[in-house]
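Peer 1: Coordinates in target29.txt, compact mmCIF, C-alpha atoms and all ligand atoms, are listed below.
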```txt
# COMPACT_ATOMS: atom_id res chain seq x y z
CA MET A 3 7.14 37.52 1.21
CA SER A 4 3.89 36.17 2.54
CA TRP A 5 1.36 33.96 0.74
CA LYS A 6 -2.06 32.57 1.71
CA TYR A 7 -3.68 29.27 0.63
CA ASP A 8 -6.44 26.98 1.84
CA VAL A 9 -3.95 24.11 1.96
CA VAL A 10 -0.17 23.85 1.82
CA VAL A 11 1.39 20.46 1.06
CA VAL A 12 5.05 19.94 1.98
CA GLY A 13 6.72 17.31 -0.21
CA SER A 14 6.05 16.38 -3.81
CA GLY A 15 6.87 12.68 -3.85
CA ILE A 16 3.85 10.40 -4.16
CA ALA A 17 1.40 11.34 -1.40
CA GLY A 18 1.84 15.13 -1.78
CA PRO A 19 0.84 15.56 -5.43
CA ILE A 20 -2.11 13.15 -5.07
CA ILE A 21 -3.48 15.33 -2.26
CA ALA A 22 -2.73 18.61 -4.06
CA ARG A 23 -4.46 17.34 -7.22
CA ASN A 24 -7.57 16.15 -5.36
CA VAL A 25 -7.90 19.34 -3.30
CA ALA A 26 -7.39 21.57 -6.35
CA LYS A 27 -9.99 19.55 -8.29
CA ALA A 28 -12.50 20.33 -5.54
CA GLY A 29 -11.87 24.04 -6.15
CA TYR A 30 -9.68 24.99 -3.18
CA SER A 31 -6.41 26.88 -3.35
CA VAL A 32 -3.42 24.66 -2.66
CA LEU A 33 0.35 25.04 -2.81
CA LEU A 34 2.52 21.94 -3.33
CA LEU A 35 6.18 22.53 -2.61
CA ASP A 36 9.36 20.48 -2.68
CA LYS A 37 12.92 21.29 -1.74
CA LYS A 38 14.31 19.45 -4.77
CA PRO A 39 15.28 21.68 -7.70
CA ALA A 40 13.88 18.97 -10.00
CA ILE A 41 10.88 17.15 -8.57
CA GLY A 42 11.59 13.39 -8.60
CA SER A 43 15.39 13.64 -8.73
CA PRO A 44 17.30 11.99 -7.27
CA LYS A 45 15.16 8.90 -6.87
CA GLN A 46 15.40 6.71 -3.78
CA CYS A 47 13.40 3.76 -4.97
CA ALA A 48 13.46 0.41 -6.75
CA GLU A 49 10.49 1.79 -8.75
CA GLY A 50 8.27 -1.30 -8.65
CA ILE A 51 4.52 -0.82 -8.35
CA SER A 52 1.36 -2.86 -8.90
CA ILE A 53 -0.52 -2.35 -12.16
CA ARG A 54 -3.71 -1.78 -10.13
CA VAL A 55 -2.73 1.70 -8.90
CA PHE A 56 -3.25 3.40 -12.27
CA ASP A 57 -7.02 2.85 -12.40
CA LYS A 58 -7.50 2.99 -8.67
CA TYR A 59 -5.90 6.42 -8.21
CA ASP A 60 -6.76 7.82 -11.63
CA ILE A 61 -3.18 8.04 -12.89
CA PRO A 62 -2.64 7.90 -16.67
CA TYR A 63 -0.77 4.80 -17.89
CA ASP A 64 1.84 6.94 -19.61
CA LYS A 65 4.76 5.19 -21.36
CA ARG A 66 6.98 8.15 -20.51
CA PHE A 67 7.34 6.89 -16.94
CA ILE A 68 6.96 3.15 -17.47
CA ASN A 69 10.29 1.44 -18.03
CA ARG A 70 9.11 -2.11 -18.10
CA GLU A 71 6.00 -4.22 -17.62
CA ILE A 72 6.43 -7.09 -15.16
CA TYR A 73 4.64 -10.45 -15.12
CA GLY A 74 5.49 -11.74 -11.66
CA ALA A 75 8.31 -12.55 -9.28
CA LYS A 76 10.98 -15.13 -8.66
CA LEU A 77 12.08 -15.88 -5.10
CA TYR A 78 15.41 -17.51 -4.24
CA SER A 79 16.25 -19.25 -0.94
CA PRO A 80 19.74 -19.21 0.60
CA GLY A 81 20.36 -22.83 -0.45
CA GLY A 82 19.33 -22.17 -4.05
CA TYR A 83 15.66 -23.25 -4.11
CA GLU A 84 13.49 -21.14 -6.40
CA LEU A 85 9.83 -20.17 -6.45
CA GLU A 86 8.49 -18.59 -9.62
CA LEU A 87 5.16 -16.75 -9.57
CA ARG A 88 4.34 -15.86 -13.15
CA TYR A 89 1.05 -14.35 -14.29
CA LYS A 90 -0.44 -14.33 -17.79
CA GLU A 91 -1.18 -10.61 -17.53
CA VAL A 92 1.04 -7.68 -16.57
CA SER A 93 1.04 -7.56 -12.77
CA GLY A 94 3.23 -4.54 -12.17
CA VAL A 95 5.60 -2.06 -13.70
CA ILE A 96 9.04 -0.64 -13.04
CA LEU A 97 8.62 3.11 -13.18
CA GLU A 98 11.02 5.91 -13.99
CA ARG A 99 10.39 7.86 -10.80
CA LYS A 100 12.24 10.94 -11.96
CA VAL A 101 9.53 11.30 -14.59
CA PHE A 102 6.65 9.78 -12.58
CA ASP A 103 6.97 12.12 -9.56
CA LYS A 104 7.35 15.12 -11.86
CA MET A 105 4.25 14.11 -13.81
CA LEU A 106 2.21 13.61 -10.61
CA ALA A 107 3.13 17.20 -9.70
CA HIS A 108 2.23 18.25 -13.23
CA TYR A 109 -1.23 16.67 -12.87
CA ALA A 110 -1.67 18.62 -9.61
CA ALA A 111 -0.67 21.85 -11.39
CA ARG A 112 -3.02 21.05 -14.26
CA ALA A 113 -5.87 20.55 -11.76
CA GLY A 114 -5.24 24.07 -10.42
CA ALA A 115 -2.64 23.62 -7.67
CA ASP A 116 0.37 25.92 -7.44
CA VAL A 117 3.59 23.90 -7.51
CA LEU A 118 7.01 25.16 -6.48
CA ALA A 119 10.22 23.19 -6.78
CA ARG A 120 13.29 24.33 -4.83
CA THR A 121 11.12 25.48 -1.97
CA GLU A 122 12.07 24.09 1.40
CA ALA A 123 9.82 24.12 4.45
CA LEU A 124 11.90 25.10 7.46
CA ASP A 125 9.45 25.39 10.33
CA VAL A 126 5.81 25.88 11.27
CA ILE A 127 4.35 29.30 12.06
CA ARG A 128 2.51 29.43 15.39
CA GLN A 129 -0.08 32.13 16.02
CA ASP A 130 -2.40 32.35 19.03
CA GLY A 131 -1.51 28.78 20.02
CA LYS A 132 -2.39 27.43 16.55
CA ILE A 133 -0.31 26.39 13.53
CA ALA A 134 -1.01 29.11 10.99
CA GLY A 135 1.32 27.98 8.21
CA ILE A 136 4.94 27.27 7.45
CA ARG A 137 8.14 29.22 7.13
CA ALA A 138 9.99 28.28 3.96
CA LYS A 139 12.87 29.19 1.69
CA HIS A 140 11.89 29.67 -1.92
CA GLU A 141 14.99 29.84 -4.13
CA ASP A 142 16.98 31.33 -1.22
CA GLU A 143 14.26 33.89 -0.40
CA PRO A 144 12.48 33.53 2.95
CA VAL A 145 8.71 33.18 2.64
CA GLU A 146 5.82 32.75 5.06
CA ILE A 147 3.05 30.53 3.73
CA TYR A 148 -0.24 30.81 5.63
CA ALA A 149 -2.82 28.06 5.22
CA ASP A 150 -5.90 26.69 6.98
CA ILE A 151 -4.59 23.14 6.56
CA ILE A 152 -0.98 21.94 6.47
CA VAL A 153 0.02 18.54 5.08
CA ALA A 154 3.34 16.91 5.98
CA ALA A 155 4.09 14.64 3.01
CA ASP A 156 7.80 15.19 3.43
CA GLY A 157 8.98 11.58 3.39
CA VAL A 158 10.89 9.46 5.85
CA GLU A 159 13.03 12.38 7.09
CA SER A 160 9.86 14.37 7.86
CA MET A 161 10.22 17.15 10.36
CA ILE A 162 7.08 19.20 9.72
CA ALA A 163 4.75 16.79 11.55
CA ARG A 164 7.14 16.61 14.51
CA LYS A 165 7.41 20.40 14.66
CA ALA A 166 3.62 20.55 14.66
CA GLY A 167 3.55 18.31 17.73
CA ILE A 168 2.66 14.96 16.12
CA ASN A 169 4.52 12.05 17.72
CA THR A 170 6.45 10.48 14.84
CA TYR A 171 9.11 8.67 16.88
CA ALA A 172 9.97 5.04 16.07
CA PRO A 173 13.00 3.04 17.28
CA PRO A 174 15.83 2.25 14.78
CA HIS A 175 14.67 -1.38 14.57
CA GLU A 176 11.55 -0.18 12.73
CA PHE A 177 13.67 1.00 9.78
CA ASP A 178 15.63 -0.77 7.06
CA SER A 179 18.78 0.65 5.51
CA SER A 180 18.94 0.25 1.79
CA TYR A 181 21.57 0.58 -0.90
CA GLU A 182 20.91 0.34 -4.61
CA TYR A 183 22.71 0.44 -7.94
CA GLU A 184 21.01 1.08 -11.22
CA MET A 185 23.34 -0.99 -13.36
CA LEU A 186 23.92 -3.17 -16.34
CA ILE A 187 23.09 -6.75 -15.37
CA GLU A 188 22.50 -9.81 -17.52
CA GLY A 189 21.23 -13.33 -17.07
CA PHE A 190 17.92 -12.66 -15.27
CA ASP A 191 14.49 -12.95 -16.84
CA PRO A 192 13.64 -9.25 -17.41
CA ASP A 193 9.88 -9.95 -17.23
CA LEU A 194 10.06 -10.82 -13.52
CA ILE A 195 11.32 -9.12 -10.40
CA HIS A 196 13.88 -11.24 -8.52
CA LEU A 197 14.25 -11.49 -4.74
CA TRP A 198 16.94 -13.31 -2.71
CA PHE A 199 16.45 -14.17 0.96
CA GLY A 200 18.85 -15.41 3.62
CA ASN A 201 20.36 -14.32 6.91
CA GLU A 202 23.84 -14.18 5.35
CA ILE A 203 22.50 -12.51 2.18
CA ALA A 204 20.35 -9.73 3.64
CA PRO A 205 19.66 -9.86 7.40
CA ARG A 206 15.88 -9.39 7.83
CA GLY A 207 15.53 -8.10 4.27
CA TYR A 208 16.30 -9.19 0.74
CA VAL A 209 18.34 -8.45 -2.35
CA TRP A 210 16.31 -7.33 -5.35
CA VAL A 211 16.75 -7.09 -9.10
CA PHE A 212 14.00 -4.97 -10.62
CA PRO A 213 14.51 -4.92 -14.42
CA LYS A 214 14.16 -1.58 -16.19
CA ASP A 215 15.38 -2.97 -19.49
CA GLU A 216 16.60 -6.29 -20.97
CA ASP A 217 20.02 -5.76 -19.39
CA ARG A 218 19.57 -2.86 -16.93
CA ALA A 219 18.00 -3.04 -13.48
CA ASN A 220 17.71 -1.54 -10.04
CA VAL A 221 19.84 -3.93 -8.01
CA GLY A 222 19.48 -3.24 -4.33
CA ILE A 223 19.26 -4.47 -0.80
CA GLY A 224 17.39 -3.65 2.40
CA ILE A 225 18.61 -4.84 5.80
CA ALA A 226 17.66 -4.06 9.39
CA SER A 227 19.07 -0.62 10.13
CA ASP A 228 20.39 -1.65 13.55
CA HIS A 229 22.55 -4.40 12.00
CA PRO A 230 26.31 -3.85 12.63
CA GLU A 231 27.27 -4.25 8.93
CA THR A 232 26.12 -1.86 6.21
CA ALA A 233 23.65 -2.52 3.40
CA LYS A 234 26.42 -1.61 0.93
CA TYR A 235 28.69 -4.31 2.39
CA TYR A 236 26.01 -6.98 1.86
CA LEU A 237 25.10 -5.80 -1.64
CA ASN A 238 28.72 -5.82 -2.82
CA LYS A 239 29.22 -9.24 -1.24
CA TRP A 240 26.17 -10.56 -3.11
CA LEU A 241 27.42 -9.17 -6.43
CA ARG A 242 30.86 -10.71 -5.82
CA GLU A 243 29.50 -14.10 -4.80
CA ASN A 244 27.26 -14.21 -7.86
CA GLY A 245 30.01 -13.18 -10.27
CA ILE A 246 28.13 -10.03 -11.33
CA PRO A 247 30.44 -7.31 -12.70
CA SER A 248 30.23 -4.38 -10.27
CA ARG A 249 31.70 -1.67 -12.50
CA LYS A 250 28.69 -1.12 -14.74
CA ILE A 251 26.96 1.29 -12.37
CA LEU A 252 24.81 4.11 -13.75
CA GLU A 253 23.40 5.43 -10.49
CA ILE A 254 23.74 4.87 -6.73
CA ASN A 255 20.91 5.41 -4.23
CA VAL A 256 20.99 5.18 -0.48
CA GLY A 257 17.84 5.28 1.59
CA VAL A 258 16.01 4.49 4.77
CA VAL A 259 12.75 2.55 4.66
CA PRO A 260 10.26 2.52 7.51
CA VAL A 261 9.08 -1.05 8.11
CA GLY A 262 6.63 -0.72 10.97
CA GLY A 263 5.85 1.66 13.79
CA PHE A 264 3.05 3.39 11.89
CA VAL A 265 2.29 6.83 13.31
CA LYS A 266 -0.76 6.49 15.57
CA GLU A 267 -2.27 9.99 15.49
CA LEU A 268 -2.14 11.19 11.89
CA VAL A 269 -3.73 14.57 12.58
CA LYS A 270 -3.11 17.33 15.08
CA ASP A 271 -5.60 20.18 14.82
CA ASN A 272 -5.08 21.40 11.23
CA VAL A 273 -1.90 19.41 10.42
CA LEU A 274 -1.93 15.97 8.72
CA VAL A 275 0.94 13.56 8.17
CA VAL A 276 0.89 11.24 5.15
CA GLY A 277 2.99 8.58 3.38
CA ASP A 278 6.53 7.72 4.49
CA ALA A 279 6.37 10.64 6.93
CA ALA A 280 3.69 8.62 8.75
CA ARG A 281 5.55 5.35 7.98
CA GLN A 282 2.59 4.10 5.94
CA VAL A 283 4.75 1.49 4.21
CA ASN A 284 4.33 -2.25 3.69
CA PRO A 285 6.64 -3.60 6.43
CA MET A 286 7.16 -6.90 4.61
CA HIS A 287 8.73 -5.61 1.41
CA GLY A 288 9.29 -1.92 2.14
CA GLY A 289 7.16 -0.70 -0.77
CA GLY A 290 5.30 2.48 0.07
CA MET A 291 4.12 4.13 -3.15
CA ALA A 292 0.70 2.45 -3.26
CA GLU A 293 0.31 3.04 0.47
CA ALA A 294 1.17 6.74 0.03
CA MET A 295 -1.46 6.97 -2.72
CA GLU A 296 -4.09 5.30 -0.55
CA ALA A 297 -3.36 7.47 2.49
CA GLY A 298 -3.24 10.58 0.26
CA THR A 299 -6.64 9.69 -1.15
CA ILE A 300 -8.20 9.25 2.29
CA ALA A 301 -6.53 12.41 3.61
CA SER A 302 -7.68 14.52 0.65
CA LYS A 303 -11.27 13.31 1.03
CA TRP A 304 -11.37 14.62 4.62
CA ILE A 305 -9.49 17.83 3.76
CA VAL A 306 -12.12 18.65 1.15
CA LYS A 307 -14.98 17.78 3.56
CA ALA A 308 -13.41 19.91 6.31
CA LEU A 309 -13.12 22.88 3.93
CA GLU A 310 -16.63 22.42 2.53
CA GLU A 311 -18.19 22.28 5.99
CA GLU A 312 -15.75 24.80 7.50
CA ASN A 313 -15.11 22.30 10.27
CA LEU A 314 -11.48 21.36 10.82
CA SER A 315 -12.37 18.74 13.41
CA LEU A 316 -13.51 16.54 10.47
CA LEU A 317 -9.81 16.06 9.65
CA GLN A 318 -9.62 13.57 12.54
CA ASN A 319 -11.62 11.19 10.36
CA TYR A 320 -8.48 10.67 8.26
CA THR A 321 -6.78 8.98 11.24
CA LYS A 322 -9.89 6.93 11.93
CA GLU A 323 -10.50 5.82 8.33
CA TRP A 324 -6.84 5.01 7.63
CA TRP A 325 -6.56 2.86 10.74
CA GLU A 326 -9.82 1.05 9.98
CA THR A 327 -8.71 0.23 6.43
CA ASP A 328 -5.09 0.27 5.24
CA GLY A 329 -3.73 0.59 8.77
CA LYS A 330 -5.52 -2.61 9.76
CA ARG A 331 -4.13 -4.42 6.71
CA LEU A 332 -0.58 -3.19 7.34
CA GLU A 333 -0.72 -4.23 11.01
CA LYS A 334 -1.41 -7.79 9.78
CA VAL A 335 1.51 -7.57 7.35
CA LEU A 336 3.72 -6.37 10.21
CA LYS A 337 2.74 -9.45 12.19
CA VAL A 338 3.89 -11.62 9.28
CA ARG A 339 7.18 -9.73 9.06
CA ARG A 340 7.83 -10.23 12.77
CA VAL A 341 7.47 -13.98 12.20
CA THR A 342 9.59 -14.11 9.04
CA GLU A 343 12.30 -12.22 10.92
CA LYS A 344 12.76 -15.33 13.09
CA LEU A 345 13.23 -17.76 10.17
CA THR A 346 16.55 -19.55 9.87
CA ASP A 347 18.19 -20.21 6.49
CA GLU A 348 17.03 -23.85 6.79
CA ASP A 349 13.44 -22.63 7.30
CA LEU A 350 13.71 -20.40 4.23
CA ASP A 351 15.08 -23.27 2.13
CA LEU A 352 12.33 -25.59 3.31
CA PHE A 353 9.48 -23.10 2.89
CA ILE A 354 10.50 -22.02 -0.61
CA GLN A 355 11.00 -25.68 -1.57
CA ILE A 356 7.52 -26.59 -0.27
CA LEU A 357 5.82 -23.62 -1.90
CA SER A 358 7.41 -24.30 -5.27
CA GLY A 359 5.54 -27.63 -5.24
CA ALA A 360 2.25 -26.17 -3.97
CA ASP A 361 -0.66 -24.66 -5.85
CA ALA A 362 1.25 -21.83 -7.51
CA GLU A 363 -1.91 -20.09 -8.69
CA LYS A 364 -3.34 -19.75 -5.20
CA ILE A 365 0.00 -18.68 -3.80
CA ALA A 366 0.49 -16.19 -6.61
CA SER A 367 -2.86 -14.65 -5.72
CA GLY A 368 -1.15 -13.50 -2.50
CA ASP A 369 -3.50 -15.52 -0.31
CA TYR A 370 -1.53 -15.82 2.97
CA ALA A 371 -3.90 -18.47 4.33
CA GLU A 372 -3.12 -20.69 1.32
CA VAL A 373 0.59 -20.19 1.87
CA ILE A 374 0.33 -21.17 5.54
CA LYS A 375 -1.91 -24.16 4.72
CA ALA A 376 0.58 -25.44 2.15
CA LEU A 377 3.42 -25.11 4.67
CA LEU A 378 1.50 -26.71 7.54
CA LYS A 379 0.87 -29.89 5.52
CA HIS A 380 4.57 -30.72 5.16
CA PRO A 381 6.06 -33.38 7.50
CA LYS A 382 9.21 -31.32 8.15
CA VAL A 383 6.97 -28.56 9.44
CA LEU A 384 4.63 -30.87 11.35
CA MET A 385 7.57 -32.49 13.11
CA SER A 386 9.12 -29.22 14.28
CA ARG A 387 7.45 -27.60 17.27
CA ARG A 388 9.30 -24.33 16.60
CA ARG A 389 8.16 -24.14 12.96
CA LEU A 390 4.62 -25.04 13.91
CA SER A 391 4.40 -22.35 16.55
CA LEU A 392 5.92 -19.75 14.18
CA LEU A 393 3.34 -20.52 11.51
CA LYS A 394 0.47 -20.66 13.98
CA GLU A 395 1.33 -17.11 15.03
CA LEU A 396 0.22 -16.14 11.52
CA LEU A 397 -3.20 -17.73 11.61
C1 LIG B 401 15.94 2.11 -1.85
C2 LIG B 401 14.45 2.20 -1.82
C3 LIG B 401 13.71 1.39 -2.67
C4 LIG B 401 12.30 1.49 -2.68
N1 LIG B 401 11.62 0.74 -3.59
C5 LIG B 401 10.27 0.85 -3.64
C6 LIG B 401 9.54 0.13 -4.62
O1 LIG B 401 10.09 -0.57 -5.48
N2 LIG B 401 8.19 0.26 -4.61
C7 LIG B 401 7.52 1.05 -3.72
O2 LIG B 401 6.28 1.11 -3.76
N3 LIG B 401 8.20 1.75 -2.80
C8 LIG B 401 9.56 1.68 -2.74
N4 LIG B 401 10.25 2.43 -1.82
C9 LIG B 401 9.50 3.30 -0.91
C10 LIG B 401 8.97 4.52 -1.64
O3 LIG B 401 10.02 5.18 -2.29
C11 LIG B 401 8.27 5.45 -0.65
O4 LIG B 401 7.40 4.70 0.17
C12 LIG B 401 7.46 6.55 -1.35
O5 LIG B 401 8.27 7.37 -2.13
C13 LIG B 401 6.74 7.40 -0.29
O6 LIG B 401 6.14 8.52 -0.88
P1 LIG B 401 5.98 9.87 -0.05
O7 LIG B 401 5.23 10.79 -0.90
O8 LIG B 401 5.46 9.57 1.31
O9 LIG B 401 7.45 10.38 0.20
P2 LIG B 401 8.63 10.72 -0.81
O10 LIG B 401 8.42 10.08 -2.11
O11 LIG B 401 9.89 10.44 -0.07
O12 LIG B 401 8.50 12.30 -1.03
C14 LIG B 401 8.80 13.22 -0.03
C15 LIG B 401 9.21 14.51 -0.70
O13 LIG B 401 9.30 15.53 0.30
C16 LIG B 401 10.36 16.38 -0.03
N5 LIG B 401 10.77 17.07 1.20
C17 LIG B 401 11.30 16.54 2.32
N6 LIG B 401 11.50 17.48 3.25
C18 LIG B 401 11.08 18.66 2.71
C19 LIG B 401 11.05 20.00 3.17
N7 LIG B 401 11.47 20.33 4.39
N8 LIG B 401 10.58 20.95 2.34
C20 LIG B 401 10.17 20.64 1.09
N9 LIG B 401 10.19 19.38 0.59
C21 LIG B 401 10.63 18.40 1.39
C22 LIG B 401 11.43 15.46 -0.59
O14 LIG B 401 12.32 16.18 -1.41
C23 LIG B 401 10.58 14.45 -1.37
O15 LIG B 401 10.45 14.81 -2.73
C24 LIG B 401 11.65 2.35 -1.78
C25 LIG B 401 12.39 3.16 -0.91
C26 LIG B 401 13.78 3.08 -0.93
C27 LIG B 401 14.56 3.98 0.00
```
How does the structure come out when it is put into structure tokens?
Peer 2:
Amino acid sequence: MSWKYDVVVVGSGIAGPIIARNVAKAGYSVLLLDKKPAIGSPKQCAEGISIRVFDKYDIPYDKRFINREIYGAKLYSPGGYELELRYKEVSGVILERKVFDKMLAHYAARAGADVLARTEALDVIRQDGKIAGIRAKHEDEPVEIYADIIVAADGVESMIARKAGINTYAPPHEFDSSYEYEMLIEGFDPDLIHLWFGNEIAPRGYVWVFPKDEDRANVGIGIASDHPETAKYYLNKWLRENGIPSRKILEINVGVVPVGGFVKELVKDNVLVVGDAARQVNPMHGGGMAEAMEAGTIASKWIVKALEEENLSLLQNYTKEWWETDGKRLEKVLKVRRVTEKLTDEDLDLFIQILSGADAEKIASGDYAEVIKALLKHPKVLMSRRRLSLLKELL
């Protein structure tokens, strides 16, 4: 079998369907494919996302994929200090990704894209020194898919970009290992997400409870992937130490989260890499859905321009624009993560204690400068040269 499209998009998670929808809307032929027999399943996600993405990326606010509306977050230090950031309005939602991803693909199909589940990209096709398409397996049948433009939106395990000659290498330290139960859990305010920090709780990362219901949540952990113990070990320890029954488990997810080492060159000739495949993830909390949407939006803008003007060199503008905008922002976030990585449990206790007494509204607005200012005023910070120099690294 052999097919021909203007664009082929490998991977129908978050970035892929956004691109396929935008390219189809502009009138070009596009194929979106995913190796999963059911797009969206299984999920590998805590499913939390900001409320802002729905308007920003033109995604319907559809109750079918919204489990719960969230009004803020509660942070817990190792010594038991708490910082609650509660908003009057809904600030985010916990999705049902099995439905959300499928619906994103459905919107792409509705806009005119072809969509094929259970279709796995195996390799790129090279012709006359150029990438002419991809070799795939569609329901066990081999197929050659020719396209002018190829998009690697194939997630953290991406191999299409690498096969096309894009350097996607990052050392193990730039990844977190995560382990998550969707489970029955009681006793936590279901209107907030809950995050626990501490070097004995989750080395470099955190434990999360993201409520999907009054008494059901994604309960997970992310830790540095080069740590000698496993994420599962730390999650089970946390459940035990907090007296949370661990035999009410509805689903188990294991995953790897890129937390830095963003891919530098996002385009090679006619091949683009987007989303987790390019490690376009917030390195502080490991969330990457909004980032995949943003990168997908920028990439699709330049794909459409390149097709309109029949000039594939315009695709390079995706690299440029991403690095000048979201890339720049994420580099700053990475700098913050590198500092927080060095915090001791005593630092975490002190900082959360100080912030809980500071101007919560300013802190809740996510203004890093306000956070640093509040911390720098405290005598226990002023009197510690180490703490001062850590915080000054952030200014
Ligand atoms: C445990 C965990 C919790 C997380 N929690 C959050 C959270 O709460 N909020 C948040 O914003 N982010 C979270 N993330 C990150 C988020 O899931 C990703 O950043 C996001 O899904 C990236 O979207 P994507 O489109 O780049 O890739 P993906 O969503 O991973 O999609 C890639 C798709 O490509 C397909 N694919 C791969 N290889 C091939 C192939 N060869 N052929 C065909 N198809 C292929 C896969 O089947 C998959 O469907 C979490 C991640 C993990 C692991």
Peer 1: Once 4 Å is added on each side, what are the centre and the three edge lengths, in Å to one decimal, of the axis-aligned box enclosing the listed atoms of ligand LIG 401 (chain B)? Present them as lines of an AutoDock Vina configuration file.
Peer 2:
```
center_x = 10.6
center_y = 10.2
center_z = -0.5
size_x = 18.7
size_y = 29.5
size_z = 17.9
```
Peer 1: Using all atoms listed in the file, tabulate the residues of chain A lying at most 6 Å from any atom of ligand LIG 401 (chain B), each with its closest atom pair and that distance in Å to one decimal, by chain and increasing residue number, as a Markdown table.
Peer 2:
```
| residue | atom | partner | partner_atom | distance |
| --- | --- | --- | --- | --- |
| A:Val12 | CA | B:LIG401 | C20 | 5.2 |
| A:Gly13 | CA | B:LIG401 | O13 | 3.2 |
| A:Ser14 | CA | B:LIG401 | O15 | 4.8 |
| A:Gly15 | CA | B:LIG401 | O12 | 3.3 |
| A:Ile16 | CA | B:LIG401 | O7 | 3.6 |
| A:Ala17 | CA | B:LIG401 | O7 | 3.9 |
| A:Gly18 | CA | B:LIG401 | O7 | 5.6 |
| A:Leu35 | CA | B:LIG401 | C20 | 5.8 |
| A:Asp36 | CA | B:LIG401 | N9 | 3.5 |
| A:Lys37 | CA | B:LIG401 | C20 | 4.0 |
| A:Lys38 | CA | B:LIG401 | O14 | 5.1 |
| A:Gln46 | CA | B:LIG401 | C27 | 4.7 |
| A:Cys47 | CA | B:LIG401 | C3 | 3.3 |
| A:Ala48 | CA | B:LIG401 | N1 | 3.7 |
| A:Glu49 | CA | B:LIG401 | O1 | 4.1 |
| A:Gly50 | CA | B:LIG401 | O1 | 3.7 |
| A:Ile51 | CA | B:LIG401 | O2 | 5.3 |
| A:Thr121 | CA | B:LIG401 | C20 | 5.8 |
| A:Glu122 | CA | B:LIG401 | N8 | 3.6 |
| A:Ala123 | CA | B:LIG401 | N8 | 3.9 |
| A:Leu124 | CA | B:LIG401 | N7 | 5.7 |
| A:Ala155 | CA | B:LIG401 | O8 | 5.5 |
| A:Asp156 | CA | B:LIG401 | O13 | 3.5 |
| A:Gly157 | CA | B:LIG401 | O9 | 3.7 |
| A:Ser160 | CA | B:LIG401 | N6 | 5.8 |
| A:Ser180 | CA | B:LIG401 | C1 | 5.1 |
| A:Tyr181 | CA | B:LIG401 | C1 | 5.9 |
| A:Glu182 | CA | B:LIG401 | C1 | 6.0 |
| A:Gly257 | CA | B:LIG401 | C27 | 3.9 |
| A:Val258 | CA | B:LIG401 | C27 | 5.0 |
| A:Val259 | CA | B:LIG401 | C27 | 5.2 |
| A:Gly277 | CA | B:LIG401 | O8 | 3.4 |
| A:Asp278 | CA | B:LIG401 | O8 | 3.8 |
| A:Ala279 | CA | B:LIG401 | O8 | 5.8 |
| A:Val283 | CA | B:LIG401 | O4 | 5.8 |
| A:Gly288 | CA | B:LIG401 | N4 | 6.0 |
| A:Gly289 | CA | B:LIG401 | N3 | 3.3 |
| A:Gly290 | CA | B:LIG401 | O4 | 3.1 |
| A:Met291 | CA | B:LIG401 | O2 | 3.8 |
| A:Ala292 | CA | B:LIG401 | O2 | 5.8 |
| A:Ala294 | CA | B:LIG401 | O8 | 5.3 |
```
Peer 1: Which residue, A:Met185, A:Glu310, A:Val269, A:Asp193, has the smallest gap to Leu241 (chain A) when you use all atoms listed in the file?
Peer 2: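 The answer is A:Met185, which sits nearest to Leu241 (chain A).
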Peer 1: For CA of Arg339 (chain A) and CA of Asp57 (chain A), determine how far apart the two atoms are, in Å to one decimal place.
Peer 2: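 Those two atoms sit 28.6 Å apart.
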Peer 1: Check the smallest atom-to-atom distance from each of A:Ile195, A:Ala22, A:Val101, A:Ala172 to Ile41 (chain A) using only C-alpha atoms, then report the winner.
Peer 2: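 Under the stated criterion, the closest residue is A:Val101.
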